[in-house]
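Undergrad: If you scroll down you'll find the structure; I have some questions about it.
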Amino acid sequence: MTSTLERTVAPPAVRRRPAARRPYRWTARAFVFPAVALCVLLLYVPFVWTTFLSFTQYDGFGSPELVGLDKYAEMFADPAFVNSLLNTLFWVLGTLVLPVGGGLLVAVLVYGLSGSFWYRLPFLVPYAISGVAVGVIWTLVLQTHGALDQVFNLFGVDDPPRWLLDSPLNTLTMIVAAAWQGVGVNALLFTVGLQSIPKEPLEAARLDGAAGWKLFRTMTWPMLTPLTTVVVGLAIVGSLKQFDIIYAMTQGGPGRSSETLALTMYKETFINSDYGLGGAIAVFITVITVIASVIYIRRQLGAAKEM
Amino acid sequence: MGRAGTVRKSFAALLGVVWLVPVYLIVVNAAKDRATYNQTSAWIPAGISGLWENLGIAWTSGHLAQSVSATAVYAIVAPALAVVIGAMAGYGIVALRLKHGFFWLIVIFASTVFPLQMLLMPLFIGYVDLNIYDTKFGLILVYTVMALAFSAFVMRNFFTGVAREMFEAAVVDGASAMRIFWRIYLPLATPALTAIFILQATGVWNDLLLGLTLSRSQEVRPLMASVASLQGVYGGTTMPVLLAAGLIVSVPTILLFLLTQRAFGRGLALGQF
Amino acid sequence: MRRSRTSLLALATTASLALTLGACSSGGSDDSAAGTAADPVDLTFYMDKAGWMDSFDAENKVSTKEGMQLDVVQTPGSTADAFDSFVKQSFRTDERPDLFTWSTGPKLQALVDQGMVAETTDIWARAEKEGLVPDGLIDNYTYNGKQYCVPLNVAYWVMYYNKHVFEDAGIKGAPTSWDDMMADADTVKDKGVVPFHQMNVFFEFVWFQALLASTDPDAYAGLGTGETKFTDPVVVDVAQQWLDMMHDGYFLDPGINTDPQTLLANGDEAMSYFGSFLTGQLNQIGAKSGTDYGVFPFPKIGPSVDKDQMILETGPLCVGEGAEHEDQALRYSEWWLGDDAQQTWADTRGDVSFNPHVKSGDAEMQALADRTAKGDFQVQQRYQEMVPWPVYTKSREVFGEFVTDAPDDPMDGLKQIQAEADKYWAEQG
């Protein structure tokens, strides 16, 4: 087995045979079928219902009443929606910089150190801590006279910013809170990526005198592509439907200042009982997320193929 | 490595300490009672004695004992199923070269895109109609699906890094597609599988919305539904008790990370040939 | 299936009678069979007030003797947001709840219009005859001339105050007039204690409610019928007064999220305008009514107002029409109004009961309840249940911003709420 293993890992630059025959056509289908079937049954079917509702007026009583595209018009005309859209874009950018960038930093920093697991552990602990405690602790840190303000007071700043009350600062502070929880996961995934990089090319490059940043940029980073695609793809998807931490900390407030699309959707559906409008926002979130991730993944995979 | 290694180690350790500061705040404030709890002294510990009392309050008034075992089943079975089914999909797409593989990958991946909150009501109605509402099977099913797309996506990308020649060599040796999957691809993917399993098990353990929507009896309901009973404007408990509850339910997931460290380390060694 | 009922008293005395009754009434359907003390009927009960679990557990110990117990189901959304949807959707399935909580006002009207709740007219008639409910409470449960649901609880919106803070500031006793209360507020403010509690989520509307009702009760009630506009001078003046109080530092910083019971019990604030469910929370953290804290009614403000205004919040306990155990759930509803259930409630929550036969261990709160029963106060509905739902959700937003940012002029926000109100009342025709 060992002899096989030594040859297991190759650079992602796998040469594709132009006219690959597919001797495993039915076997391949059988292998992929369970995953597709489960997703379709439990996720696609319910989403079709949501999509249907987006073309209706429905308050949960009686039957939905078809209204065409009215709910979409209503959605785009709503200033709260525009504000949520901006906040959501904030979340996407912030998530790419903080949890993704931070995760990469931690993974690379720690990789190969003796006892690297123990260096990685502090970043994984927040992910393991339940959402209840995370929401409460960040409230405790960020509230007026809270833990963070006390640090500011210590340095003579008597009137620190109102972290959770003023927009857009509240969105920024919540992105930091989310990053605290998310960095460890991304570090873990990037570590898996680093592991799959074969040693020989790295050693060769090192012998050629490459080191540090140059080694990372020219060798490590390109070979991390498969896992970078995963991490960034998930980050885009996750941040476009960001909900939990905002719901736990500000409920989208004060007013509607820190709402994201997912929160607006939730409020329209469940608080205002406007299933049509909520459905329209859900469809909007889904469409832009699919477009963004397909473009991104295709580009990444395309780039990998050309190498 | 020498000097550079020491610098890296110190920096990583420093960053790690900064990262644990909020955890310190959780523990310190979870140990406070009403008299010692004050938002203006969040940093100052007030002894450890109050911790046991708050843990006790959280444990009993949250009725946590009832849901631990059911939740443990969900958190183990569902991610394990998801890892295998996801790996199968990744293998089918990459190694067996499924026609339109990219399309099917997107079909699976796109299911992570739907906003979960909107799926709750249709799922609830569907579950009741199919008679799987309030059953452990129903919850395992939905948790498996939730973990599936992530698993398939990671595994597909991991398998693209595996040399094609290896698959072909095994075929020449007369191995079936199934055998190659179980004997070569899956063992090879141990680090990725472990990582996915840990992350998804944590996700299932911490799920609140699905559990609340798709079950109602104490035997089936997951843990977080019980924890949620401590929150709320009508008669919610105090912040220290909430923090204590958060700590109790976090112990298993933190242990999971620690215990899987060995498997993960083995995976590391394999990958470093 | 309606069956004749024996009196509540008979129902409440022996389990064996309940058994007989169940047997008589089953009429070929197992669904409505009464349980026994050994094998009680499980009544599914959807509720969103998670903090009350202990009290429901205690009630179950008592009600099993009658062959019934609640199977409490907490529903998605710990802040009750998704609760409505969940209940509504459950009626599309076979999983409709036997019992569920809801809110009175327009939301209950909507359920009644949809035929989703079982009628309770008979139960109310008997309860009123036996004096189990105070006068006037029935109005909250009367729709189209019939009664639906029974009260799960009542909460009096009163001013809680920290007695130690008052003593330290040299204030003797609770204030009895608006001027006294504001003088006391100034006194504690000079001592460096925040006079009043306020929060920018969930209960952001309560000071608007208290100030307007106490200034002009009719104008306040008019918001619920559309007769008062949010842009009427009296409303604008009250909103301005509220904002001015914020500017003058009478309220807790909106950025503080510590739980209200801790803030009051620790003396971080002197007074807290809250529903009497706060008593249960204060008791849980060891604060004692009468020694650590007390209560007084929010004092009237307007010169022509003749009584203090008591805002009475009541949450209903509803029976799902066509639920599996509908008859047993109705029997439970009737039992719930009785002395046994209500005494258990008052004892475990430390709160007052709506049932006048039941005395709370909390003397100060009981005194307020007794005075309410005697007619010392003018009883008003809570803002949240009184105004149409779209008006309320808009108010959450606008008042949330008021509390957070204390703008100089309330007019812009009030206009936004009025726009929602205009839209709603126009649709009603």
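Scheme for the structure tokens: letters A, B, ... for chains in order shown; per-chain residue numbers from 1; ligand numbers from 1 in order shown.
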Can you tell me, as a list in words, what residues are no more than 8 Å from B:Thr112 when counting only C-alpha atoms, ignoring any on the same chain fewer than 2 positions away?

TA: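 After dropping sequence-adjacent residues, the list is Val237 of chain A; Ile108, Phe109, Ala110, Phe114, Pro115, Met146, Ala149 and Phe150 of chain B.
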
Undergrad: Running DSSP on the backbone, which parts of stretch 15-164 of chain C land in alpha helix (DSSP H), as a PyMOL selection string?

TA: chain C and resi 15-25+53-63+83-90+106-113+121-129+163-164

Undergrad: Can you pull out the residues contacting C:Thr344? Cut-off 9 Å, using only C-alpha atoms, and skip same-chain residues under 2 positions away; I want them as a ChimeraX atom specification.

TA: /C:55,58-59,62,339-342,346-349

Undergrad: At what distance in Å, to one decimal, does atom CA of C:Lys189 lie from atom CA of B:Trp43?

TA: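 Value for the atom CA of B:Trp43-atom CA of C:Lys189 distance: 26.9 Å.
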
Undergrad: When you draw a straight line from atom CA of C:Ala213 to atom CA of C:Tyr392, how long is it in Å?

TA: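 Interatomic distance, atom CA of C:Ala213 to atom CA of C:Tyr392: 16.3 Å.
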